[in-house]
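Structure below is start_17.cif: mmCIF, C-alpha atoms.
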data_entry
loop_
_atom_site.label_atom_id
_atom_site.label_comp_id
_atom_site.auth_asym_id
_atom_site.auth_seq_id
_atom_site.Cartn_x
_atom_site.Cartn_y
_atom_site.Cartn_z
CA MET A 1 -67.31 229.31 49.02
CA ILE A 2 -64.35 227.66 47.39
CA PRO A 3 -64.84 224.42 45.50
CA VAL A 4 -62.53 221.67 46.63
CA LYS A 5 -59.83 220.37 44.36
CA ILE A 6 -58.71 217.00 45.62
CA LEU A 7 -55.00 216.37 45.35
CA THR A 8 -52.89 213.39 46.07
CA SER A 9 -50.50 213.83 48.97
CA GLU A 10 -47.64 213.86 46.50
CA GLU A 11 -49.23 216.65 44.45
CA ALA A 12 -49.73 218.70 47.62
CA GLU A 13 -46.10 218.23 48.50
CA ARG A 14 -44.94 219.14 45.00
CA LEU A 15 -46.95 222.37 45.20
CA GLY A 16 -45.34 223.21 48.54
CA LEU A 17 -48.62 223.02 50.43
CA LYS A 18 -47.50 220.56 53.08
CA LYS A 19 -45.79 221.76 56.17
CA PRO A 20 -42.19 220.58 56.21
CA THR A 21 -41.93 217.47 58.31
CA LYS A 22 -38.81 218.77 60.01
CA LYS A 23 -40.92 221.43 61.67
CA SER A 24 -42.89 218.87 63.63
CA GLY A 25 -41.19 217.30 66.55
CA PHE A 26 -40.44 220.57 68.29
CA GLY A 27 -43.48 220.68 70.52
CA ILE A 28 -43.41 220.14 74.23
CA LYS A 29 -43.74 216.69 75.77
CA GLY A 30 -42.99 217.50 79.38
CA VAL A 31 -42.54 220.30 81.83
CA GLY A 32 -40.62 220.69 85.05
CA CYS A 33 -40.35 223.30 87.72
CA VAL A 34 -38.73 224.07 91.05
CA VAL A 35 -40.79 225.76 93.72
CA GLN A 36 -39.56 227.05 97.08
CA GLY A 37 -41.33 228.34 100.16
CA LYS A 38 -41.55 228.54 103.91
CA HIS A 39 -43.57 226.14 106.02
CA GLY A 40 -47.17 227.29 106.07
CA GLY A 41 -46.57 229.75 103.25
CA GLU A 42 -47.08 230.02 99.51
CA GLY A 43 -44.56 228.66 97.08
CA LYS A 44 -42.45 230.78 94.75
CA LEU A 45 -41.52 229.59 91.29
CA MET A 46 -37.73 229.30 91.14
CA GLU A 47 -37.22 227.54 87.84
CA GLU A 48 -39.19 226.43 84.81
CA ILE A 49 -38.06 223.78 82.30
CA ILE A 50 -39.65 222.43 79.14
CA LEU A 51 -38.75 219.25 77.32
CA ARG A 52 -39.22 219.33 73.56
CA GLU A 53 -40.36 216.37 71.51
CA ASN A 54 -36.95 216.22 69.86
CA GLY A 55 -35.32 215.74 73.29
CA ASP A 56 -34.11 219.32 73.71
CA LEU A 57 -34.29 220.54 77.27
CA GLU A 58 -34.89 224.26 77.62
CA LEU A 59 -34.50 226.35 80.73
CA VAL A 60 -37.25 228.94 80.44
CA PHE A 61 -36.80 230.75 83.70
CA MET A 62 -34.50 230.77 86.73
CA ASP A 63 -35.04 233.02 89.72
CA PRO A 64 -31.89 234.97 90.77
CA GLU A 65 -32.18 233.39 94.21
CA ARG A 66 -32.00 229.91 92.66
CA GLU A 67 -29.02 230.97 90.54
CA LYS A 68 -27.24 232.32 93.61
CA GLU A 69 -27.96 229.16 95.59
CA LEU A 70 -26.63 226.86 92.84
CA LYS A 71 -23.52 229.02 92.53
CA SER A 72 -22.95 228.85 96.29
CA ARG A 73 -22.86 225.06 95.96
CA ARG A 74 -20.57 225.34 92.90
CA GLN A 75 -23.14 223.45 90.83
CA PHE A 76 -24.44 226.24 88.63
CA THR A 77 -22.24 225.63 85.59
CA GLY A 78 -22.70 221.88 85.70
CA TYR A 79 -26.43 222.29 86.14
CA LEU A 80 -26.76 224.47 83.06
CA LYS A 81 -24.92 221.95 80.88
CA GLN A 82 -28.04 219.78 80.63
CA PHE A 83 -29.93 222.51 78.76
CA THR A 84 -29.85 223.09 75.03
CA LYS A 85 -31.27 226.57 75.51
CA ILE A 86 -31.07 228.98 78.44
CA PRO A 87 -32.32 232.53 79.00
CA GLU A 88 -30.04 235.25 77.66
CA GLY A 89 -29.44 236.66 81.13
CA LEU A 90 -27.91 233.44 82.39
CA LYS A 91 -25.34 233.05 79.63
CA MET B 92 -34.75 217.87 107.83
CA GLY B 93 -36.38 215.64 105.34
CA ILE B 94 -36.33 214.26 101.83
CA TYR B 95 -39.54 213.10 100.21
CA LYS B 96 -40.42 211.92 96.72
CA GLY B 97 -43.21 210.23 94.88
CA GLN B 98 -45.50 210.32 91.88
CA THR B 99 -49.12 211.01 91.05
CA PRO B 100 -50.15 209.04 87.96
CA HIS B 101 -53.51 208.86 86.18
CA ILE B 102 -55.05 207.44 83.04
CA VAL B 103 -57.44 210.02 81.70
CA GLU B 104 -59.61 211.05 78.77
CA GLY B 105 -58.44 214.64 78.90
CA LEU B 106 -56.90 217.43 80.96
CA TYR B 107 -58.09 220.79 82.15
CA MET B 108 -55.14 223.11 82.25
CA CYS B 109 -54.53 225.81 84.85
CA ASN B 110 -54.89 228.42 82.10
CA GLY B 111 -58.45 227.26 81.36
CA LYS B 112 -57.60 225.28 78.21
CA TYR B 113 -58.98 221.78 77.75
CA HIS B 114 -56.90 219.10 76.08
CA LYS B 115 -58.99 216.14 74.97
CA VAL B 116 -57.63 212.73 73.99
CA TRP B 117 -60.62 210.36 74.00
CA LYS B 118 -61.85 209.81 70.42
CA THR B 119 -59.59 212.43 68.92
CA ASN B 120 -57.39 211.68 65.92
CA PHE B 121 -53.82 210.53 66.36
CA ASN B 122 -51.37 213.21 67.40
CA MET B 123 -53.41 216.25 66.57
CA PRO B 124 -51.79 219.62 67.25
CA VAL B 125 -52.99 221.04 70.53
CA SER B 126 -52.54 224.66 71.42
CA TYR B 127 -50.84 225.60 74.64
CA LEU B 128 -51.03 222.17 76.23
CA TRP B 129 -48.16 222.93 78.54
CA CYS B 130 -48.85 226.45 79.57
CA GLY B 131 -50.45 228.04 82.56
CA ASN B 132 -49.96 228.76 86.19
CA TYR B 133 -48.33 226.59 88.78
CA THR B 134 -49.87 225.22 91.92
CA MET B 135 -48.18 223.13 94.53
CA CYS B 136 -50.84 220.44 94.23
CA HIS B 137 -51.22 220.00 90.50
CA GLY B 138 -48.41 221.62 88.59
CA TRP B 139 -49.87 222.59 85.22
CA VAL B 140 -53.05 220.52 85.36
CA SER B 141 -56.02 221.92 87.24
CA SER B 142 -58.10 218.75 86.96
CA TYR B 143 -58.42 215.52 85.04
CA ASP B 144 -61.33 214.49 82.87
CA GLY B 145 -62.56 210.91 82.74
CA ILE B 146 -60.15 209.12 85.05
CA MET B 147 -60.33 205.50 83.93
CA GLU B 148 -57.72 203.45 85.81
CA SER B 149 -58.89 200.14 87.31
CA THR B 150 -62.02 200.16 85.18
CA SER B 151 -63.17 198.31 82.08
CA ARG B 152 -64.49 199.73 78.85
CA ALA B 153 -66.18 198.46 75.74
CA LEU B 154 -64.47 200.41 73.00
CA ALA B 155 -66.54 199.40 69.98
CA ALA B 156 -69.72 200.34 71.82
CA ASN B 157 -68.36 203.84 72.19
CA GLY B 158 -67.82 204.52 68.51
CA ILE B 159 -64.07 204.11 68.47
CA CYS B 160 -62.34 203.34 65.20
CA PRO B 161 -58.67 202.82 64.28
CA GLY B 162 -56.74 206.05 64.32
CA PHE B 163 -58.44 207.45 67.40
CA GLU B 164 -56.65 208.13 70.65
CA VAL B 165 -58.25 206.43 73.63
CA ALA B 166 -56.33 207.45 76.74
CA GLU B 167 -53.53 209.52 78.13
CA SER B 168 -51.11 208.50 80.85
CA ILE B 169 -50.33 211.65 82.81
CA VAL B 170 -47.87 211.59 85.67
CA THR B 171 -46.41 214.15 88.01
CA TYR B 172 -43.10 213.11 89.58
CA TRP B 173 -42.06 215.13 92.60
CA TRP B 174 -39.15 215.46 94.97
CA CYS B 175 -39.15 217.60 98.11
CA VAL B 176 -36.50 218.63 100.63
CA THR B 177 -37.04 220.56 103.85
CA ASP B 178 -35.15 222.40 106.54
CA GLY B 179 -31.62 222.42 105.19
CA SER B 180 -31.69 219.15 103.23
CA SER B 181 -30.56 218.79 99.64
CA LEU B 182 -31.01 216.21 96.90
CA VAL B 183 -28.74 216.08 93.86
CA GLY B 184 -28.90 213.21 91.42
CA ASN B 185 -29.64 212.05 87.91
CA GLY B 186 -32.62 209.93 87.06
CA CYS B 187 -34.48 208.65 84.03
CA LEU B 188 -38.17 209.44 83.80
CA ARG B 189 -39.85 206.41 82.26
CA GLN B 190 -43.39 206.15 81.04
CA CYS B 191 -44.80 203.28 79.05
CA TRP B 192 -47.97 201.56 77.98
CA THR B 193 -48.10 197.78 78.23
CA ARG B 194 -50.45 195.04 77.08
CA GLY B 195 -49.89 192.05 79.32
CA SER B 196 -46.12 191.65 79.44
CA THR B 197 -45.62 193.51 76.15
CA VAL B 198 -44.36 197.07 76.23
CA PHE B 199 -45.85 198.58 73.10
CA VAL B 200 -44.84 202.23 73.53
CA SER B 201 -42.34 203.75 75.92
CA ALA B 202 -40.50 206.98 76.58
CA ALA B 203 -37.38 207.67 78.63
CA THR B 204 -36.25 211.14 79.55
CA PRO B 205 -33.11 212.02 81.54
CA ALA B 206 -33.67 214.40 84.44
CA TYR B 207 -31.22 216.17 86.71
CA ILE B 208 -32.76 216.67 90.12
CA ASN B 209 -31.08 219.41 92.11
CA ILE B 210 -32.92 220.91 95.06
CA SER B 211 -31.77 222.40 98.33
CA THR B 212 -33.24 224.62 101.02
CA PRO B 213 -31.67 227.72 102.54
CA GLY B 214 -32.14 226.31 106.04
CA PRO B 215 -34.72 225.51 108.72
CA GLY B 216 -38.24 226.63 107.98
CA TYR B 217 -37.94 226.22 104.21
CA TRP B 218 -39.00 223.63 101.69
CA GLN B 219 -38.16 223.19 98.02
CA TRP B 220 -39.93 220.98 95.45
CA GLN B 221 -39.03 219.88 91.99
CA PHE B 222 -41.79 218.64 89.68
CA TRP B 223 -41.77 216.87 86.36
CA GLN B 224 -45.05 216.40 84.56
CA MET B 225 -45.28 214.13 81.51
CA ALA B 226 -48.09 212.86 79.30
CA TYR B 227 -48.23 209.89 76.96
CA MET B 228 -51.16 208.93 74.75
CA THR B 229 -52.21 205.59 73.37
CA GLY B 230 -54.73 204.84 70.66
CA LEU B 231 -56.43 202.20 68.58
CA ASP B 232 -53.80 200.83 66.22
CA SER B 233 -52.35 197.46 65.34
CA ASP B 234 -49.28 198.35 67.44
CA GLU B 235 -51.14 199.76 70.42
CA VAL B 236 -54.68 199.02 71.59
CA CYS B 237 -55.70 196.23 69.20
CA ILE B 238 -57.21 193.30 71.12
CA ASP B 239 -59.42 192.74 74.15
CA SER B 240 -56.94 192.76 77.02
CA TYR B 241 -55.73 194.39 80.18
CA TYR B 242 -53.70 197.51 79.45
CA CYS B 243 -51.38 199.24 81.85
CA ALA B 244 -49.71 202.62 82.20
CA ASP B 245 -46.35 202.07 83.92
CA THR B 246 -44.56 205.11 85.33
CA ARG B 247 -41.31 205.23 87.28
CA VAL B 248 -38.03 207.08 87.79
CA GLN B 249 -34.89 204.99 87.47
CA GLN B 250 -31.72 205.91 89.32
CA VAL B 251 -28.75 206.93 87.18
CA SER B 252 -26.22 208.62 89.48
CA GLY B 253 -25.78 210.76 92.58
CA ASN B 254 -28.27 210.83 95.44
CA ASP B 255 -31.12 208.39 95.17
CA VAL B 256 -33.77 210.15 93.09
CA SER B 257 -35.49 206.94 91.98
CA ILE B 258 -39.25 206.59 92.35
CA PRO B 259 -40.74 203.08 92.37
CA ASN B 260 -42.99 202.10 89.51
CA CYS B 261 -46.73 202.52 89.61
CA ASN B 262 -48.96 200.41 87.39
CA LEU B 263 -52.42 201.64 86.54
CA ASN B 264 -54.55 198.98 84.88
CA LEU B 265 -57.74 198.92 82.93
CA TYR B 266 -59.47 196.42 80.71
CA TRP B 267 -60.56 197.28 77.20
CA GLY B 268 -63.13 194.97 75.62
CA ASP B 269 -65.01 194.94 72.32
CA VAL B 270 -61.90 196.41 70.74
CA PRO B 271 -62.68 196.79 67.03
CA SER B 272 -60.49 195.42 64.29
CA THR B 273 -57.55 197.56 63.25
CA ALA B 274 -57.31 195.98 59.81
CA ARG B 275 -56.42 198.32 56.97
CA CYS B 276 -57.97 198.43 53.53
CA SER B 277 -55.90 198.26 50.37
CA SER B 278 -53.53 201.17 49.86
CA THR B 279 -55.11 201.52 46.42
CA TYR B 280 -57.99 203.34 48.08
CA MET B 281 -55.89 205.74 50.15
CA GLY B 282 -57.08 209.32 49.66
CA THR B 283 -60.50 208.35 48.34
CA ILE B 284 -63.22 210.69 49.59
CA TRP B 285 -66.99 210.43 49.15
CA VAL B 286 -70.34 211.40 50.62
CA ASP B 287 -72.46 208.57 52.00
CA GLY B 288 -75.89 209.58 53.28
CA SER B 289 -75.25 212.61 55.46
CA ASP B 290 -71.62 211.88 56.22
CA LEU B 291 -68.27 212.51 54.59
CA HIS B 292 -66.14 209.38 54.28
CA PHE B 293 -62.50 209.03 53.35
CA ILE B 294 -59.63 206.57 53.43
CA ASN B 295 -56.82 208.10 55.42
CA ARG B 296 -53.06 207.66 55.05
CA ASN B 297 -53.16 204.68 57.41
CA CYS B 298 -55.70 203.09 55.05
CA TRP B 299 -58.50 203.23 57.58
CA GLU B 300 -61.94 204.46 56.60
CA HIS B 301 -62.97 207.46 58.65
CA LYS B 302 -66.37 209.08 58.75
CA MET B 303 -67.01 212.75 59.50
CA ILE B 304 -70.43 213.57 60.91
CA GLY B 305 -71.16 217.22 60.23
CA ASN B 306 -73.53 219.84 61.58
CA TYR B 307 -76.62 220.48 59.44
CA ILE B 308 -76.57 224.06 58.18
CA GLY B 309 -79.06 224.17 55.31
CA SER B 310 -80.46 222.50 52.24
CA GLY B 311 -80.59 222.86 48.51
CA GLY B 312 -77.09 221.79 47.61
CA THR B 313 -75.87 219.50 44.91
CA PRO B 314 -75.45 216.02 46.41
CA GLY B 315 -71.80 215.05 46.70
CA ALA B 316 -70.41 218.58 46.42
CA ILE B 317 -67.53 219.47 48.77
CA TYR B 318 -66.28 223.01 49.36
CA ILE B 319 -64.55 225.31 51.83
CA ASP B 320 -66.64 228.10 53.37
CA THR B 321 -65.49 231.60 54.20
CA ASN B 322 -64.78 230.55 57.80
CA HIS B 323 -62.40 227.89 56.47
CA TYR B 324 -64.57 224.90 57.36
CA ILE B 325 -65.15 221.97 55.02
CA ASN B 326 -68.77 221.74 53.86
CA TRP B 327 -70.39 218.92 51.98
CA VAL B 328 -73.79 218.13 50.57
CA GLY B 329 -75.51 214.92 51.60
CA CYS B 330 -77.40 212.60 49.32
CA THR B 331 -80.72 214.42 49.89
CA GLY B 332 -79.28 217.89 49.24
CA ASN B 333 -78.79 218.83 52.89
CA ILE B 334 -75.62 220.81 53.58
CA TYR B 335 -73.31 219.86 56.43
CA ARG B 336 -70.32 221.59 57.98
CA ALA B 337 -67.38 219.87 59.68
CA CYS B 338 -67.57 220.08 63.47
CA TRP B 339 -64.04 221.35 63.87
CA ARG B 340 -60.92 222.45 62.09
CA LEU B 341 -57.52 223.67 63.22
CA CYS B 342 -55.21 226.09 61.53
CA GLN B 343 -52.09 223.98 61.56
CA PHE B 344 -49.46 224.44 64.22
CA CYS B 345 -45.91 223.24 63.89
CA SER B 346 -46.03 220.63 66.57
CA THR B 347 -47.65 217.36 67.44
CA PHE B 348 -48.78 218.32 70.88
CA SER B 349 -48.52 222.06 71.13
CA ASN B 350 -47.80 225.07 69.06
CA SER B 351 -44.21 226.09 69.06
CA SER B 352 -41.78 228.28 67.29
CA GLY B 353 -41.75 228.21 63.53
CA PRO B 354 -43.84 229.78 60.82
CA ASN B 355 -47.48 228.96 60.46
CA PRO B 356 -47.67 227.37 57.01
CA ASN B 357 -49.49 229.72 54.68
CA PRO B 358 -49.09 228.76 51.05
CA GLY B 359 -51.40 231.60 49.94
CA ALA B 360 -55.01 232.11 48.90
CA GLY B 361 -54.16 231.12 45.36
CA TYR B 362 -54.20 227.54 46.59
CA ALA B 363 -57.54 227.87 48.43
CA GLY B 364 -59.62 224.74 48.08
CA ALA B 365 -56.73 222.34 47.61
CA LEU B 366 -57.47 219.29 49.75
CA TRP B 367 -55.50 216.11 50.39
CA MET B 368 -54.95 213.27 52.85
CA ASP B 369 -52.05 214.45 54.89
CA GLY B 370 -49.06 212.36 55.87
CA GLU B 371 -48.10 214.60 58.79
CA PHE B 372 -48.66 213.84 62.45
CA GLY B 373 -50.87 210.77 62.92
CA TRP B 374 -51.76 210.19 59.25
CA THR B 375 -55.42 210.42 60.14
CA HIS B 376 -56.64 213.79 58.98
CA LEU B 377 -57.62 215.78 55.93
CA ALA B 378 -55.55 218.83 55.09
CA TYR B 379 -56.67 221.73 52.95
CA ILE B 380 -55.98 225.36 52.16
CA GLY B 381 -58.59 227.74 53.54
CA CYS B 382 -59.86 230.93 51.95
CA ASP B 383 -57.16 232.87 53.78
CA GLY B 384 -54.43 230.75 52.22
CA ALA B 385 -53.47 229.00 55.47
CA LYS B 386 -53.26 225.26 55.91
CA TYR B 387 -56.05 223.70 57.96
CA ILE B 388 -56.64 220.21 59.17
CA THR B 389 -59.85 218.43 60.07
CA GLY B 390 -61.08 214.90 60.28
CA ALA B 391 -63.26 212.35 61.98
CA GLY B 392 -63.13 212.15 65.73
CA ARG B 393 -63.57 214.94 68.19
CA ASP B 394 -62.06 218.37 68.45
CA PRO B 395 -58.96 217.93 70.62
CA ILE B 396 -59.26 221.44 72.08
CA GLU B 397 -63.02 221.91 72.46
#

As structure tokens, how would this structure be written, given the file I've shared?
Amino acid sequence: MIPVKILTSEEAERLGLKKPTKKSGFGIKGVGCVVQGKHGGEGKLMEEIILRENGDLELVFMDPEREKELKSRRQFTGYLKQFTKIPEGLK
Amino acid sequence: MGIYKGQTPHIVEGLYMCNGKYHKVWKTNFNMPVSYLWCGNYTMCHGWVSSYDGIMESTSRALAANGICPGFEVAESIVTYWWCVTDGSSLVGNGCLRQCWTRGSTVFVSAATPAYINISTPGPGYWQWQFWQMAYMTGLDSDEVCIDSYYCADTRVQQVSGNDVSIPNCNLNLYWGDVPSTARCSSTYMGTIWVDGSDLHFINRNCWEHKMIGNYIGSGGTPGAIYIDTNHYINWVGCTGNIYRACWRLCQFCSTFSNSSGPNPNPGAGYAGALWMDGEFGWTHLAYIGCDGAKYITGAGRDPIE
């Protein structure tokens, strides 16, 4: 058992006990995905997106078939511009 | 060929995720970190959410009768926007995902997120969907739920450019009555902590008095003593010498709603036992250093990830 030593918030900050505020705000506030399939069949995940609390939009996953299809419509590069982070393989 | 779109909105107390996690809002503290809220498997019907807990739209509630106090979340607006194309169709456009809480004609919190919708099918026999799933909490505060009134979760997608990706608004209403006062006490008392009867009381950073009701674990303590046990829970001794342990605690994550990248704050065991009213997140919780040197948070209200 550890006896409690009550600090003021300012004392806690001065001692470096508080988590830096700048670290908060990077959680996830929304998710998006693209799913494709055939009529009567199961869907396949083609793309996964997360939206961070700070507004960053991250592409987590893109199926090669989705990449190929966007490229065939000449929209791949423009589509990727919305993301602040994309998988290494797509760069 | 076809193009379809729509939304599925709810006002809920909590969410069961596809990965088996439960995210609770009702009676939890403001903006508590929640682990893996947006994680799991995908289904065509639900996206990330397997089921909703406590759907409350078009109902009425007496808040005070349910032990709500200022600084507690009361509801979450959760919406899944969807667009679908079939058999060779495509849909390419920019929209703005809007989600807000209103009281009468007053919008008291709102969020707007740009979204680029781009879906197309290889040809006949195929379909392709795009989903967006968003959540937005509201709680008892002078700026949010603060008077007896009708409250509304308004969700919509506004058109920005390209093909029409807009989705008309949906308003889900409910009436909250017996809403307790959100008045704050003097800032002079902020950070004060004391034992009253069997409960641990404190004045949080928002200057609201919160009361923690602990689990009885033994007797024979010194009334008023507060300490951290080896499992990193806050313990306190009630006025009759009975010992109580906090119902929950979280090792702090780096996010309001989910854990995310970044180091877990660990000042070190040399600081074990340090306790203060934290100004992070919703300003409603106690923070302390556990026996392992990590930062923990606890408070009144319910465990957000029971």

The distance between CA of Tyr227 in chain B and CA of Glu397 in chain B is 19.6 Å

Which residue gives the smallest distance to chain B among A:Gly41, A:Gly30, A:Pro64, A:Pro87, with all atoms listed in the file counted?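 Counting all atoms listed in the file, the residue closest to chain B is A:Gly30.
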
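Rounded to one decimal, CA of Thr177 in chain B and CA of Thr212 in chain B lie 6.2 Å from each other.
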
What do you get, as a list in words, if you spell out every residue that the PyMOL selection byres ((chain B and resi 314) around 8) selects here?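 Here the PyMOL selection byres ((chain B and resi 314) around 8) matches Gly312, Thr313, Gly315, Ala316, Val328, Gly329, Cys330, Thr331, Gly332 and Asn333 of chain B.
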
Please determine an axis-aligned box that encloses all atoms of range 164-182 of chain B listed in the file, with 8 Å added on each side, and express its centre and edge lengths in Å to one decimal as JSON.
{"center_x": -44.4, "center_y": 214.4, "center_z": 88.6, "size_x": 43.7, "size_y": 32.0, "size_z": 51.9}

| said: Using all atoms listed in the file, can you tell me which of A:Glu88, A:Glu65, A:Glu53, A:Glu11 comes closest to Val31 in chain A? | reply: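 Between A:Glu88, A:Glu65, A:Glu53, A:Glu11, the residue approaching Val31 in chain A most closely is A:Glu53.
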
task: Determine the nearest neighbour of Asp56 in chain A from the options B:Pro205, B:Gly288, B:Pro358, B:Pro259, counting all atoms listed in the file.
output: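 Ranking B:Pro205, B:Gly288, B:Pro358, B:Pro259 by distance to Asp56 in chain A, first place goes to B:Pro205.
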
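Evaluating the PyMOL selection byres ((chain B and resi 181) around 6) against the shown model yields B:Ser180, B:Leu182, B:Ile210, B:Ser211.
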